[in-house]
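Enquirer: The structure under discussion is supplied below as structure tokens; questions concerning it will follow.
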Amino acid sequence: MAKRTKLKTPEWITEGYDSEEDYLKAKGLDKKQKKHGKTFKIRKCPECESDDVGVVLGGEEGKGSRGWECHKCGWKGNDINEIELSEEEFMKYLDEKGEEVG
């Protein structure tokens, strides 16, 4: 029979923090680096890197989606690339793309 190891109390509890998030913030370690302020998500096709993608809906109403579809190259699938940009980065992206900002 395999020997069981003892469970160790997490450091955030032994050091007296109220939550793991508080502990990570105090140590300067975030689980997920979040951008501050307003953020924008851009979805891109993994094949041609176009942002002209859309959701393919199921046949019946309320049955969910069947994945993503690229309107430029015709790719279909579930593994879409998603980029998160700050407001400044998003405005720069729109300027480079030639979109009208206003």
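Here, A, B, ... name the chains of the structure tokens in the order displayed, residue numbers run from 1 inside each chain, and ligands are numbered from 1 in the same displayed order.
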Using only C-alpha atoms, which protein or nucleic acid residues come within 9 Å of Glu47 in chain A? Drop anything in the same chain fewer than 2 positions from it, and give the result as a count of residues only.

Expert: 7

Enquirer: Interatomic distance between CA of Phe40 in chain A and CA of Gly54 in chain A?

Expert: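 CA of Gly54 in chain A lies 16.4 Å from CA of Phe40 in chain A.
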
Enquirer: Which polymer residues have any atom within 7 Å of an atom of Glu84 in chain A, counting only C-alpha atoms, with same-chain residues fewer than 6 positions away left out, as a PyMOL selection string?

Expert: chain A and resi 39-42

Enquirer: Please return, as a PyMOL selection string, all residues of chain A that DSSP assigns to alpha helix (DSSP H) on the basis of the backbone.

Expert: chain A and resi 11-14+20-27+87-97
